[in-house]
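Peer 1: I am attaching a structure below and will ask some questions about it afterwards.
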Amino acid sequence: VSLESTWPKIAALIELLPHRHVTFVDSDVYFRYDPYPEMLPLMNVNDIIAQENDSWDHFNTGWIWFRSDPRTVSAWEQVLAKDLVEVSRDQNRFNDELDTARLRQWSDDPSRRPLKSDFVTATGLRVHILEDSKFRSYHFEIDRPIAERHESCYLHMTCGDDALTKNLVAKSQGFFMDIDGMYEDPPKLLSVEDSTWAGTKEELESALKMVLVVAHYTKRTFLPPASGSLTLQGTDGISSHKRPFYSLFPTAHIEEGFGIPIVEPGFVDHAVQHLNGASVLRKGRERELWVEDSVWEMRRTKAMGLVEKDELDIRQARTLASLVQTLLSPRFANSPHVQLINLNWPGAGSFWKEWDVKIVSNVKVCESIEDGPACGGICRGAKEFKLNGDWRGSVDL
């Protein structure tokens, strides 16, 4: 199915290119800055501008610009003709038509990098491959750590476990626009101090189950930390594995399965940048927002409310019900951001770890964390989550 789904792309290019220039964008490209200021000077001197792939012997056609040219149309017609005989990836076939591997001097020997960024095909098409630090792919984190994230216009989630995980990873790295208004009108957040997220599988799962239940009953959105550390006991002794939180727990799937809202790590920074008018025309620029001073004041108040979180010591609540009631009290009810602290205080776990959170009992850490993240293994393991019962009556309030 995934191979067949590229046929509309091929047909569309064959239909459109005789009449106009075309930019093709995959659905898993996530933007931080406007890419066109980088692209426009290149459009004057090239016929094809494509994203670096540096995996196998081809460039990536998931972000690519074509000048209207019969030679390019002919190449895509050849791709379609071959696909009608035997289905393959359009990206591979198009690169084969251009003879990319030979012309870029491709080799699987890393010492022969970088590849040529410009080449001319046998038919005279001028091809330019974009700088990988500015037009970035997720697999560069594994294969090309030299690609610098801070300069990137976008993140292309070229590989990932699934659509939900791709969205979460892109958001976590700041490559996401305020499509749903979450940054403009932030929800009330609930977080837990970072030191909580270091421990054994059972300790991490207990903490997440508890905070999910509290978030539901207080109508708050869970804000995860950027990372956590899992302690494992193996044949060679005890080892600790620090991972991004989305590689510790499948939080996007937990959110979908339980219906408990969860934002990305870094949400506060992203919302503050948005509320302060950060521009898509690069770091340090501001959007030209023609708004009244009172609106700017309201936006800055929202931003400060997220940053200046109210702390709540878990030791002040001996029961789950009392914690929920405290968070719903006038002292905390209107706080934009509440953080639970001292979950790891000596003796504190003796009560909160005993709370009844069986309704989310199937929360599990990702599997094989000790193997490290991989292109298709951001978070391995089960991705289906269902409530174990009904929320009503789960906690005696």
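Numbering starts fresh at 1 for the residues of each chain in the structure tokens, the chains themselves are lettered A, B, ... in the order given, and ligands are numbered from 1 as they appear.
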Enumerate the residues of region 54-230 of chain A with a DSSP assignment of alpha helix (DSSP H), computed from the backbone, and present them as an MDAnalysis selection string.

Peer 2: chainID A and resid 70:85 90:98 100:103 140:143 163:172 201:217

Peer 1: Just the residues within 9 Å of Glu52 (chain A), please, counting only C-alpha atoms, with nothing from its chain fewer than 3 positions along; format it as number ranges by chain.

Peer 2: A: 55, 58-60, 117, 129-132, 135-137

Peer 1: Counting only C-alpha atoms, what is within 7 Å of Tyr183 (chain A), bar same-chain residues fewer than 5 positions away, as a PyMOL selection string?

Peer 2: chain A and resi 178+271+274

Peer 1: With N, CA, C and O atoms kept, could you save the residues just selected as an mmCIF file, in the first residue's frame?

Peer 2:
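The file below, out_34.cif, is the result:
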data_model
loop_
_atom_site.group_PDB
_atom_site.id
_atom_site.type_symbol
_atom_site.label_atom_id
_atom_site.label_comp_id
_atom_site.auth_asym_id
_atom_site.auth_seq_id
_atom_site.Cartn_x
_atom_site.Cartn_y
_atom_site.Cartn_z
ATOM 1 N N ASP A 178 1.753 26.734 15.392
ATOM 2 C CA ASP A 178 0.613 26.767 16.318
ATOM 3 C C ASP A 178 -0.680 26.469 15.567
ATOM 4 O O ASP A 178 -1.589 27.302 15.492
ATOM 5 N N ALA A 271 5.620 27.765 23.629
ATOM 6 C CA ALA A 271 4.492 28.671 23.820
ATOM 7 C C ALA A 271 4.973 30.094 24.116
ATOM 8 O O ALA A 271 4.415 31.070 23.600
ATOM 9 N N HIS A 274 6.107 31.745 20.979
ATOM 10 C CA HIS A 274 4.955 32.133 20.160
ATOM 11 C C HIS A 274 4.272 33.370 20.733
ATOM 12 O O HIS A 274 3.976 34.321 20.003
#

Peer 1: Grab the CA of Glu97 (chain A) to CA of Ile49 (chain A) distance for me, in Å with one decimal place.

Peer 2: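 One can read the CA of Glu97 (chain A) to CA of Ile49 (chain A) distance as 15.7 Å.
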
Peer 1: Give me, as a list in words, all polymer residues having an atom no more than 8 Å from Leu340 (chain A), counting only C-alpha atoms and skipping those fewer than 2 positions away in the same chain.

Peer 2: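 These residues fall inside the cut-off: Leu190, Ser191, Val192, Glu193, Glu311, Leu312, Asp313, Ile314, Val338, Asn342 and Leu343 of chain A.
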
Peer 1: Any chance you could export the current selection's C-alpha atoms as an mmCIF file, in the first residue's frame?

Peer 2:
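The file below, selection17.cif, is the result:
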data_model
loop_
_atom_site.group_PDB
_atom_site.id
_atom_site.type_symbol
_atom_site.label_atom_id
_atom_site.label_comp_id
_atom_site.auth_asym_id
_atom_site.auth_seq_id
_atom_site.Cartn_x
_atom_site.Cartn_y
_atom_site.Cartn_z
ATOM 1 C CA LEU A 190 0.734 19.677 35.459
ATOM 2 C CA SER A 191 4.368 18.595 35.646
ATOM 3 C CA VAL A 192 6.620 16.694 38.023
ATOM 4 C CA GLU A 193 10.145 17.761 38.971
ATOM 5 C CA GLU A 311 5.081 24.014 43.317
ATOM 6 C CA LEU A 312 3.022 21.554 45.343
ATOM 7 C CA ASP A 313 4.813 19.225 47.758
ATOM 8 C CA ILE A 314 3.430 15.698 47.387
ATOM 9 C CA VAL A 338 1.569 23.413 38.812
ATOM 10 C CA ASN A 342 9.441 15.702 46.416
ATOM 11 C CA LEU A 343 8.043 12.462 45.051
#

Peer 1: Which residue, A:Gly266, A:Pro70, A:Gly381, A:Pro346, has the smallest gap to Arg20 (chain A) when you use only C-alpha atoms?

Peer 2: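 Looking only at the distances to Arg20 (chain A), the closest residue turns out to be A:Pro70.
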
Peer 1: Looking at A:Glu141, A:Asp57, A:Asp180, A:Asp293, which one is nearest to Leu103 (chain A), with distances taken over only C-alpha atoms?

Peer 2: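 The answer is A:Asp57, which sits nearest to Leu103 (chain A).
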
Peer 1: If we count only C-alpha atoms and set the cut-off at 7 Å, which residues sit around Thr200 (chain A), ignoring sequence neighbours fewer than 6 positions away in its own chain? Please answer as a PyMOL selection string.

Peer 2: chain A and resi 230-232

Peer 1: Determine, counting only C-alpha atoms, which protein, DNA and RNA residues have an atom within 9 Å of an atom of Glu77 (chain A); residues of the same chain fewer than 6 positions away are not included. Present the result as a PyMOL selection string.

Peer 2: chain A and resi 10-11+14

Peer 1: Quick one: distance from CA of Asn167 (chain A) to CA of His216 (chain A) in Å, one decimal?

Peer 2: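 According to the coordinates, CA of Asn167 (chain A) and CA of His216 (chain A) are separated by 22.4 Å.
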
Peer 1: Find the residue from A:Gln105, A:Ser172, A:Ile341, A:Val79 that sits nearest to Arg93 (chain A); use only C-alpha atoms when measuring.

Peer 2: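 Looking at the shortest contact to Arg93 (chain A), the residue is A:Val79.
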
Peer 1: One decimal, Å: what's the distance from CA of Glu292 (chain A) over to CA of Leu306 (chain A), could you say?

Peer 2: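 Answer for the CA of Glu292 (chain A) to CA of Leu306 (chain A) separation: 22.1 Å.
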
Peer 1: For region 181-247 of chain A versus region 356-372 of chain A, which residues have an atom no more than 9 Å away, and what is each residue's nearest atom pair and distance in Å rounded to one decimal, using only C-alpha atoms, chain-then-number order, as JSON lines?

Peer 2:
{"residue": "A:Lys201", "atom": "CA", "partner": "A:Val365", "partner_atom": "CA", "distance": 6.7}
{"residue": "A:Glu202", "atom": "CA", "partner": "A:Lys364", "partner_atom": "CA", "distance": 8.8}
{"residue": "A:Leu204", "atom": "CA", "partner": "A:Val365", "partner_atom": "CA", "distance": 7.8}
{"residue": "A:Glu205", "atom": "CA", "partner": "A:Lys364", "partner_atom": "CA", "distance": 6.2}
{"residue": "A:Ser206", "atom": "CA", "partner": "A:Val357", "partner_atom": "CA", "distance": 8.6}
{"residue": "A:Leu208", "atom": "CA", "partner": "A:Val363", "partner_atom": "CA", "distance": 7.9}
{"residue": "A:Lys209", "atom": "CA", "partner": "A:Val360", "partner_atom": "CA", "distance": 6.1}
{"residue": "A:Met210", "atom": "CA", "partner": "A:Val357", "partner_atom": "CA", "distance": 6.3}
{"residue": "A:Leu212", "atom": "CA", "partner": "A:Val360", "partner_atom": "CA", "distance": 8.0}
{"residue": "A:Val213", "atom": "CA", "partner": "A:Val357", "partner_atom": "CA", "distance": 6.7}
{"residue": "A:Leu230", "atom": "CA", "partner": "A:Ile369", "partner_atom": "CA", "distance": 8.1}
{"residue": "A:Leu232", "atom": "CA", "partner": "A:Glu370", "partner_atom": "CA", "distance": 8.3}
{"residue": "A:Ser239", "atom": "CA", "partner": "A:Glu370", "partner_atom": "CA", "distance": 8.7}
{"residue": "A:Ser240", "atom": "CA", "partner": "A:Glu370", "partner_atom": "CA", "distance": 8.6}
{"residue": "A:His241", "atom": "CA", "partner": "A:Glu370", "partner_atom": "CA", "distance": 6.5}
{"residue": "A:Arg243", "atom": "CA", "partner": "A:Ile369", "partner_atom": "CA", "distance": 8.1}
{"residue": "A:Tyr246", "atom": "CA", "partner": "A:Cys366", "partner_atom": "CA", "distance": 8.8}
{"residue": "A:Ser247", "atom": "CA", "partner": "A:Cys366", "partner_atom": "CA", "distance": 6.5}

Peer 1: Which is closer to Trp76 (chain A) than all the others in A:Val263, A:Ala382, A:Leu98, A:Leu223, using only C-alpha atoms?

Peer 2: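 Checking each candidate against Trp76 (chain A), we get A:Leu98 as the closest.
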
Peer 1: Near region 62-67 of chain A, within 7 Å and counting only C-alpha atoms, which residues show up once chain neighbours fewer than 4 positions away are dropped, as a list of chain:residue names?

Peer 2: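 Contacts, with the query itself left out: A:His21, A:Val22, A:Thr23, A:Phe24, A:Val25, A:Asp26, A:Asp47, A:Ile48, A:Ile49, A:Ala50, A:Gln51.
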
Peer 1: Output as a list in words all residues of region 49-188 of chain A that backbone DSSP marks as strand (DSSP E).

Peer 2: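 Going through region 49-188 of chain A, the strand (DSSP E) residues come out as Ile49, Ala50, Gln51, Glu52, Asn53, Asp54, Ser55, His58, Phe59, Asn60, Thr61, Gly62, Trp63, Ile64, Trp65, Phe66, Asp118, Phe119, Val120, Arg126, Val127, His128, Ile129, Phe135, Arg136, Ser137, Tyr154, Leu155 and His156 of chain A.
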
Peer 1: My list of candidates is A:Gly305, A:Gly377, A:Pro244, A:Gly349. Which is closest to Pro336 (chain A) when distances are computed with only C-alpha atoms?

Peer 2: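 Comparing A:Gly305, A:Gly377, A:Pro244, A:Gly349 against Pro336 (chain A), the winner is A:Gly305.
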
Peer 1: Smallest atom-to-atom distance to His337 (chain A): which of A:Ala317, A:Ala207, A:Met304, A:Leu155, using only C-alpha atoms?

Peer 2: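 Of all the options, A:Met304 lies closest to His337 (chain A).
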